[in-house]
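Some notes on the structure that comes next.
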Amino acid sequence: MTNPLPTFVVGVGRGGIEIMRTLADIVERDDHSRYFDFVAIDTDTDSFSDIPDDATTIELNAPTAFEAEDRRQYAYLTEEMEIGVKGAERQRPVGRYKLDSRGTPDFSDHFDLLWKSAREHLQGLENSYEPSRDSYNLILVHSLGGGTGSGTFPLLGTMLGHIGDAIEQRYGMDVYVGGVGIVPQITQDPEIVQPKGQSIYYPNAHASLQDLSKMIEASSDHLDIPLYSRSFGRGGQRPDIDESVEASFSGNSLPIERTPFSNYWLVGVEEDLIMGGGGFSDIENYGEMVDRRVAESIHALALMEESVENWATAVNGLATLGAVGQSEIRLPYREIRDYCELKRDRDAKQTRLEAEIPEEIQTLEAEINQLESAKTDPKRVASGRSDVDDAEDLVRGKLEQKLGVGSALVDGNTAEDIRSTVSTIGETYGPTMMLLAVDKLDEMFDHPAAVPAVESHWEEVVDQHWEGWNMNSKSEFGGSDVRTYRGKEGALERYFDQTISEYEKEVEARDPGMLDKIPAFISLTESTREEYQRWLDNLRNSQQQLLEVDNRYQRVQAMVEAADDLHREAKEALDERIADRQESITALEEETRQLEREIKRHGREIDELSSQLTKRDRAGQRLSILPLQEGTLEELTLDRLRNELTSLDKFVGEFVDEDDLRIGMDKIQSNALAWEYPTVEMNYDGLDPNPSRQDLWIMYHENNEKYADEYVSKVSGATVRKAGQSIIGYSDDPYSIQFVSFDNSGPVEGLQLFQRYEQMRESGMLDSMAGKFGDHRASYAYPEWYSREDQKIFQISRRQTTDRPPELDPDRVVKSDFESEGEKRNYIKTNGLDLYIWHGTMWEHFDFQDDNEVFLGWEQAVDGLTFKQLQQATPDENLKARWLAGQAEWDDILDAYIRNLEDRERLELSFETEE
């Protein structure tokens with residue numbers, strides 16, 4: 001397939017950006033995005049939403065700080081125009097102003113950004129084209145009826161023309177500059193059928209077409225666009241601006257020495273349908289049809305096998321103006337893919353519903369039963385594990401290895417040892433094995449040398465001390481009422497604590513006597529102090545023995561309690577697992593209900609798509625959708641779609657009736673012929689037509705070539721070019737066949753469309769459609785190109801009617817200090833004429849006689865005029881001299897006053913007509 005020529009697209013205003021966005025979708029579809037670069041320009045940033053991520057955006061605005069002064073300085077602004085912060089409000093002069101504003105950024109900055117963006121895009125592509133394709137495309141897309149696009153296109157088109165010249169000079173390659181203008185269509189006599197839609201679009205479009213005509217004819221009549229931002233803004237050489245941009249300027253203007261456009265394509269639209277945004281057919285609405293037609297045509301130009309500029313200039317003198325047409329017949333591939341994906345998803349959900357979920361629920365229920373059994377008989381459940389040979393031997397071995405058995409178990413471990421060992425088994429093998437480990441540990445505790453031995457020894461020691469210290473008789477410590485070993489142990493502790501304290505006091509209270517110095521061999525030689533000491537020692541020994549035995553007992557009891565806690569934790573872990581599985585079952589049951597709903601929904605969607613895919617007569621003006629044959633859809637699968645059905649050709653026969661393709665191509669071909677669109681209907685009466693050309697291109701994938709060869713009809717007077725057989729390459733879209741046409745004809749004045757606009761101008765209809773302005777010329781964004789009468793709509797801020805001044809007779813000018821006739825005439829030239837116009841026939845130096853016509857003078861007749869303003873508006877000295885010499889008429893003098901007052905004071909004077 002042919003790679004596209006690098007193409008730089010500038011979309012201006014909402015309409016231009018919409019088409020640019022559509023083109024971006026097309027090039028992304030065909031994987032051509034790297035060959036295209038996009039710039040969106042608008043006065044309203046809302047239109048920047050949804051544009052390509054890498055697109056450059058230029059917001060046009062004007063600082064309010066300069067607005068009042070600019071209304072006076074800019075020749076195309078009036079007080080009535082709404083400048084505002086956002087948008088151009090469908091005012092062409094405001095669109096131009098916001099591009100040529102003197103804020104930051106200003107016009108030069110915007111120009112520089114366009115140039116650098118185009119240059120960087122070009123440099124970013126590998127220049128691997130053949131010499132005949134060493135070409136670059138610059139495309140401007142805009143509306144002719146709005147405010148921003150129509151008001152800026154002469155400037156932007158000229159900018160792109162200069163950028164194209166710079167690229168040609170710097171890179172030595174051809175550059176094609178194409179313009180696309182969306183124009184409100186008028187298909188019937190406007191005097192009979194009022195044009196529909198927003199009325200202001202028609203004066204705007206009329207002014208735009210006149211601007212376009214002048215730009216196209218610029219080769220024979222050079223134009224300049226004054227740049228007020230350079231005159232009143234920063235001006236002068238800008239070191240931050242590329243030299244190629246600076247070289248484009250001629251002082252403070254942008255010259256148009258020849259038409260900047262290689263081609264300019266007009267696209268007519270029904271304004272009410274565009275604005276309404278309503279349906280047009282069941283496959284695309286009217287706006288989508290227009291956007292797609294233009295975008296596909298631009299894309300087709302980029303697929304040329306040779307320079308587009310060479311094609312555009314192949315015929316000497318070929319009309320720059322023209323129209324594009326496009327239509328296509330398409331297999332509904334995306335709908336087919338959606339259909340196959342829906343079938344795949346439905347079948348997968350059906351399998352999930354009928355096979356997978358029931359099996360998963362059954363497995364979960366079995367696990368729940370097993371976990372419930374493990375809570376009551378972990379030995380049986382653990383024995384069924386597949387990951388261990390003998391669960392009981394494994395658990396016992398790990399317990400004995402870590403904790404020992406018999407007396408070693410109870411003497412060498414603590415509760416923490418028990419917890420750590422059993423928890424490790426649980427972490428490694430799960431809660432069932434943990435529960436089994438606790439059961440085995442209970443068996444190990446029951447060993448005669450383990451817990452029973454510790455408990456028996458503890459009881460023996462308690463009994464021994466209870467009887468030895470005659471505790472049954474000590475009622476203050478419970479005496480014979482104490483029955484349990486724990487009670488007896490507690491009573492003994494309290495007895496020992498109290499008695500030891502008492503004996504320590506007795507021993508301390510007695511001083512050693514004579515007997516205390518004699519060894520107490522017999523009780524007779526034992527002193528009282530020694531007796532107390534002996535009893536104290538006995539008490540302390542008994543207390544220590546009891547404490548040691550009780551500590552051992554308590555440690556072992558803590559080990560047993562730890563085992564009990566672990567037993568409870570293991571059961572809780574099993575309960576959690578049971579709850580998790582119950583939740584999973586609940587989720588699966590909800591999934592079942594959801595799947596049932598989705599399967600029904602998929603069934604409805606499949607039925608709808610099936611009906612859509614087999615529906616006949618799905619055709620609009622631009623697009624025709626091929627129907628699939630009834631009964632074939634079940635054979636469609638994603639696998640076949642990806643690996644077998646890779647082009648339209650593969651569908652024909654099995655899925656698509658070849659007769660449907662043949663008939664559809666014949667119908668849709670005629671809808672693509674641009675020269676049959678009403679936009680370019682010509683009436684050359686009294687005009688010299690430009691050389692014309694009609695091209696019809698057939699765009700298709702190479703696999704579909706045979707259908708273009710067999711089913712494309714001949715077109716009288718047109719050159720038919722087929723992909724791969726002429727200057728255009730094959731399409732990367734394998735599922736469509738496109739017809740793209742280009743009609744070159746001109747001039748603008750030969751368009752019946754333009755002639756209908758002129759008819760509306762002459763009848764005053766355009767004035768009535770100009771809204772608050774009341775004059776269609778308020779849409780002239782470039783009044784410098786038009787007559788003085790046209791420019792006055794912008795220049796005049798006030799108007800007044802007065803009597804026509806009678807011609808001054810120099811002989812009636814009297815002044816005592818005139819020494820010669822020459823001196824008097826010089827006085828009239830320098831001051832006298834102005835004084836006469838100002839004071840009228842009542843001027844003190846005017847000899848008024850009965851036969852003179854009374855003239856009051858403009859001091860009284862013209863409101864708001866000062867004598868200084870009148871002096872500044874005085875005619876040129878040469879003109880006054882010629883008038884005095886009889887070589888110029890008095891009307892020439894009056895016309896000069898009027899013209900100068902219009903230019904300087906924005907005052908329009910007119911004279912009352914004599915009855």
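Within each chain, counting starts at residue 1; across the structure tokens, chains are named A, B, ... in the order shown, with ligands numbered 1 upward in that order.
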Checklist entry - Skipping near chain neighbours, those fewer than 3 positions away, what residues fall within 12 Å of Lys196 of chain A using only C-alpha atoms, listed as a PyMOL selection string? => result chain A and resi 184-188+190+193+199-202+269-276+769
Dump as CSV the rows for residues of segment 431-510 of chain A within 7 Å of segment 550-563 of chain A: closest atom pair and distance in Å with one decimal, only C-alpha atoms counted, ordered by chain and rising residue number.
```
residue,atom,partner,partner_atom,distance
A:Val438,CA,A:Ala563,CA,6.0
A:Val451,CA,A:Val556,CA,6.9
A:Val454,CA,A:Tyr553,CA,6.2
A:Glu455,CA,A:Tyr553,CA,6.5
A:Trp458,CA,A:Asp550,CA,6.6
```
How about saving the chosen residues, N, CA, C and O atoms kept, as a CSV table (one decimal), in the first residue's frame?
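Once written, selection08.csv looks like this:
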```csv
chain,number,residue,atom,x,y,z
A,438,VAL,N,-3.9,-29.9,67.7
A,438,VAL,CA,-4.4,-29.6,69.1
A,438,VAL,C,-4.9,-30.9,69.7
A,438,VAL,O,-4.7,-31.2,70.9
A,451,VAL,N,0.9,-34.0,82.1
A,451,VAL,CA,0.0,-33.1,82.9
A,451,VAL,C,-0.5,-33.9,84.1
A,451,VAL,O,-0.6,-33.3,85.2
A,454,VAL,N,2.1,-33.7,86.9
A,454,VAL,CA,2.2,-32.4,87.4
A,454,VAL,C,1.1,-32.1,88.4
A,454,VAL,O,1.2,-31.5,89.5
A,455,GLU,N,-0.2,-32.4,87.9
A,455,GLU,CA,-1.3,-32.1,88.8
A,455,GLU,C,-1.3,-33.0,90.1
A,455,GLU,O,-1.6,-32.5,91.1
A,458,TRP,N,1.3,-31.6,92.5
A,458,TRP,CA,0.8,-30.4,93.1
A,458,TRP,C,-0.2,-30.6,94.2
A,458,TRP,O,-0.1,-30.0,95.3
```
Checklist entry - What's the 12 Å shell around Phe855 of chain A, counting only C-alpha atoms, without same-chain residues fewer than 6 positions away, as an MDAnalysis selection string? => result chainID A and resid 802:808 836:843 846 848 861
For the residues in that selection, give me all heavy atoms as a compact mmCIF listing (two decimals), in the first residue's frame.
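Result file follows (selection.txt):
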```txt
# COMPACT_ATOMS: atom_id res chain seq x y z
N THR A 802 -27.10 68.46 4.87
CA THR A 802 -27.15 69.92 4.95
C THR A 802 -27.32 70.50 3.54
O THR A 802 -27.27 69.75 2.54
CB THR A 802 -25.86 70.47 5.61
OG1 THR A 802 -26.01 71.89 5.77
CG2 THR A 802 -24.65 70.18 4.74
N ASP A 803 -27.49 71.82 3.47
CA ASP A 803 -27.61 72.46 2.16
C ASP A 803 -26.27 72.47 1.46
O ASP A 803 -25.21 72.58 2.09
CB ASP A 803 -28.09 73.91 2.33
CG ASP A 803 -29.52 73.98 2.81
OD1 ASP A 803 -30.28 73.03 2.55
OD2 ASP A 803 -29.89 74.99 3.46
N ARG A 804 -26.33 72.37 0.16
CA ARG A 804 -25.09 72.41 -0.62
C ARG A 804 -24.57 73.85 -0.64
O ARG A 804 -25.29 74.79 -0.98
CB ARG A 804 -25.36 71.95 -2.06
CG ARG A 804 -24.16 71.96 -2.98
CD ARG A 804 -24.58 71.48 -4.36
NE ARG A 804 -23.45 71.38 -5.26
CZ ARG A 804 -22.91 72.39 -5.93
NH1 ARG A 804 -23.46 73.62 -5.80
NH2 ARG A 804 -21.89 72.22 -6.73
N PRO A 805 -23.29 74.06 -0.26
CA PRO A 805 -22.73 75.42 -0.28
C PRO A 805 -22.66 75.94 -1.72
O PRO A 805 -22.16 75.24 -2.62
CB PRO A 805 -21.33 75.24 0.30
CG PRO A 805 -21.39 73.95 1.05
CD PRO A 805 -22.36 73.09 0.31
N PRO A 806 -23.16 77.14 -1.96
CA PRO A 806 -23.02 77.72 -3.32
C PRO A 806 -21.55 78.02 -3.58
O PRO A 806 -20.76 78.26 -2.68
CB PRO A 806 -23.85 79.00 -3.24
CG PRO A 806 -23.92 79.34 -1.79
CD PRO A 806 -23.88 78.04 -1.04
N GLU A 807 -21.19 77.96 -4.85
CA GLU A 807 -19.78 78.16 -5.18
C GLU A 807 -19.35 79.57 -4.79
O GLU A 807 -20.05 80.56 -5.01
CB GLU A 807 -19.56 77.94 -6.67
CG GLU A 807 -18.10 78.04 -7.07
CD GLU A 807 -17.86 77.62 -8.51
OE1 GLU A 807 -18.87 77.34 -9.23
OE2 GLU A 807 -16.68 77.54 -8.91
N LEU A 808 -18.19 79.66 -4.20
CA LEU A 808 -17.61 80.95 -3.81
C LEU A 808 -17.12 81.70 -5.06
O LEU A 808 -16.35 81.14 -5.85
CB LEU A 808 -16.46 80.73 -2.83
CG LEU A 808 -15.64 81.97 -2.44
CD1 LEU A 808 -16.51 82.99 -1.69
CD2 LEU A 808 -14.43 81.57 -1.60
N TYR A 836 -15.09 80.75 4.42
CA TYR A 836 -16.37 80.84 3.71
C TYR A 836 -17.25 79.63 4.02
O TYR A 836 -18.44 79.77 4.32
CB TYR A 836 -16.12 80.95 2.20
CG TYR A 836 -17.37 80.78 1.38
CD1 TYR A 836 -18.34 81.79 1.33
CD2 TYR A 836 -17.58 79.62 0.64
CE1 TYR A 836 -19.50 81.62 0.59
CE2 TYR A 836 -18.73 79.45 -0.11
CZ TYR A 836 -19.69 80.44 -0.13
OH TYR A 836 -20.85 80.28 -0.88
N ILE A 837 -16.64 78.44 3.96
CA ILE A 837 -17.41 77.22 4.24
C ILE A 837 -17.91 77.25 5.68
O ILE A 837 -19.02 76.82 5.99
CB ILE A 837 -16.57 75.97 3.96
CG1 ILE A 837 -16.22 75.85 2.47
CG2 ILE A 837 -17.27 74.70 4.45
CD1 ILE A 837 -17.42 75.61 1.57
N TRP A 838 -17.11 77.82 6.58
CA TRP A 838 -17.45 77.82 8.01
C TRP A 838 -18.55 78.86 8.31
O TRP A 838 -19.54 78.56 8.97
CB TRP A 838 -16.19 78.09 8.83
CG TRP A 838 -16.42 78.07 10.32
CD1 TRP A 838 -16.37 79.11 11.17
CD2 TRP A 838 -16.72 76.92 11.12
NE1 TRP A 838 -16.63 78.71 12.46
CE2 TRP A 838 -16.85 77.34 12.46
CE3 TRP A 838 -16.92 75.57 10.82
CZ2 TRP A 838 -17.14 76.49 13.49
CZ3 TRP A 838 -17.21 74.71 11.88
CH2 TRP A 838 -17.32 75.16 13.19
N HIS A 839 -18.37 80.13 7.85
CA HIS A 839 -19.30 81.20 8.17
C HIS A 839 -20.44 81.34 7.16
O HIS A 839 -21.47 81.95 7.47
CB HIS A 839 -18.56 82.53 8.25
CG HIS A 839 -17.60 82.60 9.41
ND1 HIS A 839 -18.00 82.58 10.72
CD2 HIS A 839 -16.24 82.69 9.44
CE1 HIS A 839 -16.95 82.67 11.52
NE2 HIS A 839 -15.86 82.72 10.76
N GLY A 840 -20.22 80.86 5.93
CA GLY A 840 -21.24 81.00 4.92
C GLY A 840 -21.23 82.40 4.31
O GLY A 840 -20.25 83.15 4.37
N THR A 841 -22.37 82.78 3.73
CA THR A 841 -22.44 84.08 3.06
C THR A 841 -22.47 85.24 4.05
O THR A 841 -22.43 86.41 3.64
CB THR A 841 -23.69 84.13 2.17
OG1 THR A 841 -24.85 83.79 2.96
CG2 THR A 841 -23.59 83.14 1.01
N MET A 842 -22.53 84.91 5.34
CA MET A 842 -22.47 85.95 6.36
C MET A 842 -21.04 86.25 6.79
O MET A 842 -20.81 87.04 7.70
CB MET A 842 -23.30 85.53 7.59
CG MET A 842 -24.76 85.25 7.27
SD MET A 842 -25.56 86.65 6.43
CE MET A 842 -25.51 87.86 7.73
N TRP A 843 -20.09 85.65 6.09
CA TRP A 843 -18.67 85.89 6.39
C TRP A 843 -18.37 87.36 6.18
O TRP A 843 -18.80 87.97 5.18
CB TRP A 843 -17.84 84.98 5.48
CG TRP A 843 -16.36 85.15 5.58
CD1 TRP A 843 -15.63 85.44 6.66
CD2 TRP A 843 -15.44 85.02 4.49
NE1 TRP A 843 -14.31 85.50 6.37
CE2 TRP A 843 -14.14 85.24 5.04
CE3 TRP A 843 -15.57 84.73 3.13
CZ2 TRP A 843 -12.99 85.21 4.25
CZ3 TRP A 843 -14.42 84.68 2.37
CH2 TRP A 843 -13.15 84.90 2.93
N PHE A 846 -17.07 88.55 2.88
CA PHE A 846 -17.84 88.18 1.69
C PHE A 846 -18.83 89.30 1.40
O PHE A 846 -19.61 89.73 2.28
CB PHE A 846 -18.60 86.87 1.91
CG PHE A 846 -19.39 86.43 0.71
CD1 PHE A 846 -18.74 85.82 -0.36
CD2 PHE A 846 -20.77 86.64 0.63
CE1 PHE A 846 -19.48 85.42 -1.47
CE2 PHE A 846 -21.49 86.23 -0.48
CZ PHE A 846 -20.83 85.62 -1.53
N PHE A 848 -21.90 90.17 0.27
CA PHE A 848 -23.22 89.58 0.01
C PHE A 848 -24.12 90.60 -0.70
O PHE A 848 -24.22 91.74 -0.27
CB PHE A 848 -23.88 89.14 1.32
CG PHE A 848 -25.20 88.47 1.11
CD1 PHE A 848 -25.27 87.15 0.69
CD2 PHE A 848 -26.38 89.18 1.33
CE1 PHE A 848 -26.49 86.54 0.49
CE2 PHE A 848 -27.61 88.55 1.12
CZ PHE A 848 -27.66 87.24 0.70
N ALA A 861 -24.71 74.78 10.45
CA ALA A 861 -25.46 73.72 9.76
C ALA A 861 -25.00 72.31 10.13
O ALA A 861 -25.78 71.35 9.99
CB ALA A 861 -25.35 73.91 8.25
```
Checklist entry - Which polymer residues have any atom within 12 Å of an atom of Trp883 of chain A, counting only C-alpha atoms, with same-chain residues fewer than 4 positions away left out, as a ChimeraX atom specification? => result /A:807-810,825,828-829,833,875-879,887-894,896
Item to check | Close residues, segment 138-140 of chain A itself excluded, 8 Å, only C-alpha atoms, min 2 positions apart in chain, as a list in words | outcome: Thr7, Phe8, Val9, Val10, Gly11, Val12, Tyr136, His142, Phe153, Leu156, Gly157, Leu160, Gly164, Val175, Tyr176, Val177, Gly178, Gly179 and Val180 of chain A
How about saving the chosen residues, N, CA and C atoms kept, as a PDB file, in the first residue's frame?
```pdb
ATOM      1  N   THR A   7       0.869  15.607   5.171  1.00  0.00           N
ATOM      2  CA  THR A   7      -0.214  16.579   5.010  1.00  0.00           C
ATOM      3  C   THR A   7      -0.427  17.334   6.317  1.00  0.00           C
ATOM      4  N   PHE A   8      -0.471  18.651   6.193  1.00  0.00           N
ATOM      5  CA  PHE A   8      -0.615  19.556   7.333  1.00  0.00           C
ATOM      6  C   PHE A   8      -1.988  20.212   7.219  1.00  0.00           C
ATOM      7  N   VAL A   9      -2.867  19.928   8.186  1.00  0.00           N
ATOM      8  CA  VAL A   9      -4.261  20.339   8.090  1.00  0.00           C
ATOM      9  C   VAL A   9      -4.566  21.378   9.163  1.00  0.00           C
ATOM     10  N   VAL A  10      -5.113  22.502   8.726  1.00  0.00           N
ATOM     11  CA  VAL A  10      -5.508  23.568   9.638  1.00  0.00           C
ATOM     12  C   VAL A  10      -7.030  23.672   9.612  1.00  0.00           C
ATOM     13  N   GLY A  11      -7.664  23.351  10.728  1.00  0.00           N
ATOM     14  CA  GLY A  11      -9.108  23.481  10.851  1.00  0.00           C
ATOM     15  C   GLY A  11      -9.435  24.750  11.616  1.00  0.00           C
ATOM     16  N   VAL A  12     -10.259  25.609  11.030  1.00  0.00           N
ATOM     17  CA  VAL A  12     -10.535  26.922  11.614  1.00  0.00           C
ATOM     18  C   VAL A  12     -12.026  27.047  11.910  1.00  0.00           C
ATOM     19  N   TYR A 136       4.546  18.038  -0.345  1.00  0.00           N
ATOM     20  CA  TYR A 136       3.946  18.344   0.961  1.00  0.00           C
ATOM     21  C   TYR A 136       2.620  19.040   0.717  1.00  0.00           C
ATOM     22  N   HIS A 142     -12.452  25.492   6.527  1.00  0.00           N
ATOM     23  CA  HIS A 142     -13.167  26.506   7.298  1.00  0.00           C
ATOM     24  C   HIS A 142     -14.560  26.693   6.719  1.00  0.00           C
ATOM     25  N   PHE A 153      -9.966  33.346   6.943  1.00  0.00           N
ATOM     26  CA  PHE A 153      -9.379  32.508   5.886  1.00  0.00           C
ATOM     27  C   PHE A 153      -8.509  33.285   4.895  1.00  0.00           C
ATOM     28  N   LEU A 156      -5.211  33.478   6.808  1.00  0.00           N
ATOM     29  CA  LEU A 156      -4.618  32.150   7.016  1.00  0.00           C
ATOM     30  C   LEU A 156      -4.223  31.512   5.688  1.00  0.00           C
ATOM     31  N   GLY A 157      -5.074  31.660   4.670  1.00  0.00           N
ATOM     32  CA  GLY A 157      -4.711  31.126   3.362  1.00  0.00           C
ATOM     33  C   GLY A 157      -3.439  31.761   2.839  1.00  0.00           C
ATOM     34  N   LEU A 160      -0.469  30.340   4.736  1.00  0.00           N
ATOM     35  CA  LEU A 160      -0.096  29.010   4.247  1.00  0.00           C
ATOM     36  C   LEU A 160       0.596  29.116   2.889  1.00  0.00           C
ATOM     37  N   GLY A 164       4.173  27.667   2.247  1.00  0.00           N
ATOM     38  CA  GLY A 164       4.470  26.774   1.127  1.00  0.00           C
ATOM     39  C   GLY A 164       5.670  27.256   0.331  1.00  0.00           C
ATOM     40  N   VAL A 175       4.860  21.907  -3.073  1.00  0.00           N
ATOM     41  CA  VAL A 175       3.902  22.148  -1.989  1.00  0.00           C
ATOM     42  C   VAL A 175       2.543  22.439  -2.604  1.00  0.00           C
ATOM     43  N   TYR A 176       1.560  21.718  -2.131  1.00  0.00           N
ATOM     44  CA  TYR A 176       0.175  21.923  -2.554  1.00  0.00           C
ATOM     45  C   TYR A 176      -0.550  22.645  -1.432  1.00  0.00           C
ATOM     46  N   VAL A 177      -1.184  23.774  -1.748  1.00  0.00           N
ATOM     47  CA  VAL A 177      -1.977  24.516  -0.769  1.00  0.00           C
ATOM     48  C   VAL A 177      -3.442  24.427  -1.189  1.00  0.00           C
ATOM     49  N   GLY A 178      -4.200  23.699  -0.414  1.00  0.00           N
ATOM     50  CA  GLY A 178      -5.616  23.511  -0.731  1.00  0.00           C
ATOM     51  C   GLY A 178      -6.503  24.199   0.289  1.00  0.00           C
ATOM     52  N   GLY A 179      -7.532  24.854  -0.195  1.00  0.00           N
ATOM     53  CA  GLY A 179      -8.526  25.450   0.685  1.00  0.00           C
ATOM     54  C   GLY A 179      -9.852  24.744   0.523  1.00  0.00           C
ATOM     55  N   VAL A 180     -10.562  24.586   1.627  1.00  0.00           N
ATOM     56  CA  VAL A 180     -11.899  23.990   1.589  1.00  0.00           C
ATOM     57  C   VAL A 180     -12.828  24.925   2.338  1.00  0.00           C
TER      58      VAL A 180
END
```
Checklist entry - Which of segment 790-852 of chain A counts as strand (DSSP E) under DSSP, as a PyMOL selection string please? => result chain A and resi 798-802
Take the selection from the previous step and output its residues with all heavy atoms, as a PDB file, in the first residue's frame.
```pdb
ATOM      1  N   ARG A 798     -21.065  58.890  12.112  1.00  0.00           N
ATOM      2  CA  ARG A 798     -22.249  59.754  12.145  1.00  0.00           C
ATOM      3  C   ARG A 798     -22.505  60.328  10.751  1.00  0.00           C
ATOM      4  O   ARG A 798     -21.578  60.508   9.972  1.00  0.00           O
ATOM      5  CB  ARG A 798     -22.121  60.862  13.188  1.00  0.00           C
ATOM      6  CG  ARG A 798     -20.932  61.768  13.020  1.00  0.00           C
ATOM      7  CD  ARG A 798     -20.672  62.580  14.291  1.00  0.00           C
ATOM      8  NE  ARG A 798     -19.504  63.428  14.169  1.00  0.00           N
ATOM      9  CZ  ARG A 798     -19.543  64.729  13.973  1.00  0.00           C
ATOM     10  NH1 ARG A 798     -20.719  65.339  13.855  1.00  0.00           N
ATOM     11  NH2 ARG A 798     -18.432  65.438  13.893  1.00  0.00           N
ATOM     12  N   ARG A 799     -23.741  60.617  10.499  1.00  0.00           N
ATOM     13  CA  ARG A 799     -24.146  61.119   9.191  1.00  0.00           C
ATOM     14  C   ARG A 799     -25.021  62.359   9.368  1.00  0.00           C
ATOM     15  O   ARG A 799     -25.789  62.451  10.336  1.00  0.00           O
ATOM     16  CB  ARG A 799     -24.905  60.035   8.422  1.00  0.00           C
ATOM     17  CG  ARG A 799     -24.048  58.860   8.006  1.00  0.00           C
ATOM     18  CD  ARG A 799     -24.886  57.757   7.361  1.00  0.00           C
ATOM     19  NE  ARG A 799     -24.032  56.726   6.764  1.00  0.00           N
ATOM     20  CZ  ARG A 799     -23.486  55.732   7.454  1.00  0.00           C
ATOM     21  NH1 ARG A 799     -23.706  55.633   8.752  1.00  0.00           N
ATOM     22  NH2 ARG A 799     -22.721  54.854   6.840  1.00  0.00           N
ATOM     23  N   GLN A 800     -24.899  63.308   8.420  1.00  0.00           N
ATOM     24  CA  GLN A 800     -25.719  64.526   8.491  1.00  0.00           C
ATOM     25  C   GLN A 800     -25.968  65.042   7.077  1.00  0.00           C
ATOM     26  O   GLN A 800     -25.102  64.952   6.197  1.00  0.00           O
ATOM     27  CB  GLN A 800     -25.034  65.602   9.338  1.00  0.00           C
ATOM     28  CG  GLN A 800     -25.933  66.783   9.625  1.00  0.00           C
ATOM     29  CD  GLN A 800     -25.397  67.646  10.756  1.00  0.00           C
ATOM     30  OE1 GLN A 800     -24.504  67.231  11.485  1.00  0.00           O
ATOM     31  NE2 GLN A 800     -25.934  68.847  10.894  1.00  0.00           N
ATOM     32  N   THR A 801     -27.139  65.584   6.926  1.00  0.00           N
ATOM     33  CA  THR A 801     -27.527  66.195   5.643  1.00  0.00           C
ATOM     34  C   THR A 801     -27.631  67.709   5.831  1.00  0.00           C
ATOM     35  O   THR A 801     -28.180  68.190   6.837  1.00  0.00           O
ATOM     36  CB  THR A 801     -28.875  65.633   5.170  1.00  0.00           C
ATOM     37  OG1 THR A 801     -28.756  64.211   5.044  1.00  0.00           O
ATOM     38  CG2 THR A 801     -29.258  66.226   3.823  1.00  0.00           C
ATOM     39  N   THR A 802     -27.102  68.458   4.873  1.00  0.00           N
ATOM     40  CA  THR A 802     -27.147  69.917   4.952  1.00  0.00           C
ATOM     41  C   THR A 802     -27.325  70.497   3.544  1.00  0.00           C
ATOM     42  O   THR A 802     -27.272  69.753   2.545  1.00  0.00           O
ATOM     43  CB  THR A 802     -25.860  70.471   5.607  1.00  0.00           C
ATOM     44  OG1 THR A 802     -26.009  71.886   5.773  1.00  0.00           O
ATOM     45  CG2 THR A 802     -24.655  70.178   4.744  1.00  0.00           C
TER      46      THR A 802
END
```
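Residue nearest Ala672 of chain A, chosen from A:Leu633, A:Ala302, A:Ile329, A:Met434 and counting only C-alpha atoms: A:Ile329.
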Checklist entry - Skipping near chain neighbours, those fewer than 6 positions away, what residues fall within 10 Å of segment 71-85 of chain A using only C-alpha atoms, listed as a PyMOL selection string? => result chain A and resi 43-44+60-64+91-98+100-101+226-229+231-232+772-773+778-784+791-797+906
Next on the checklist: Env of Gly603 of chain A: 12 Å cut, atoms = only C-alpha atoms, seq-sep filter 4 positions within chain, self excluded. Answer as number ranges by chain.
Outcome noted: A: 339, 342-347, 349-350, 595-599, 607-610
Next on the checklist: Give me, as a ChimeraX atom specification, the residues of segment 663-819 of chain A that a backbone DSSP run labels alpha helix (DSSP H).
Outcome noted: /A:663-670,705-711,752-763,765-768,788-795
Hey, could you make a per-residue contact list for segment 632-729 of chain A against segment 288-297 of chain A with 12 Å as the cut-off, showing the nearest pair of atoms and its distance in Å to one decimal, counting only C-alpha atoms, sorted by chain and number, as JSON lines?
```
{"residue": "A:Asn671", "atom": "CA", "partner": "A:Arg293", "partner_atom": "CA", "distance": 11.0}
{"residue": "A:Ala672", "atom": "CA", "partner": "A:Arg293", "partner_atom": "CA", "distance": 9.1}
{"residue": "A:Leu673", "atom": "CA", "partner": "A:Arg293", "partner_atom": "CA", "distance": 11.7}
{"residue": "A:Ala674", "atom": "CA", "partner": "A:Arg293", "partner_atom": "CA", "distance": 10.7}
{"residue": "A:Leu696", "atom": "CA", "partner": "A:Ser297", "partner_atom": "CA", "distance": 11.1}
{"residue": "A:Trp697", "atom": "CA", "partner": "A:Ser297", "partner_atom": "CA", "distance": 9.9}
{"residue": "A:Ile698", "atom": "CA", "partner": "A:Ser297", "partner_atom": "CA", "distance": 11.5}
{"residue": "A:Met699", "atom": "CA", "partner": "A:Glu296", "partner_atom": "CA", "distance": 10.3}
```
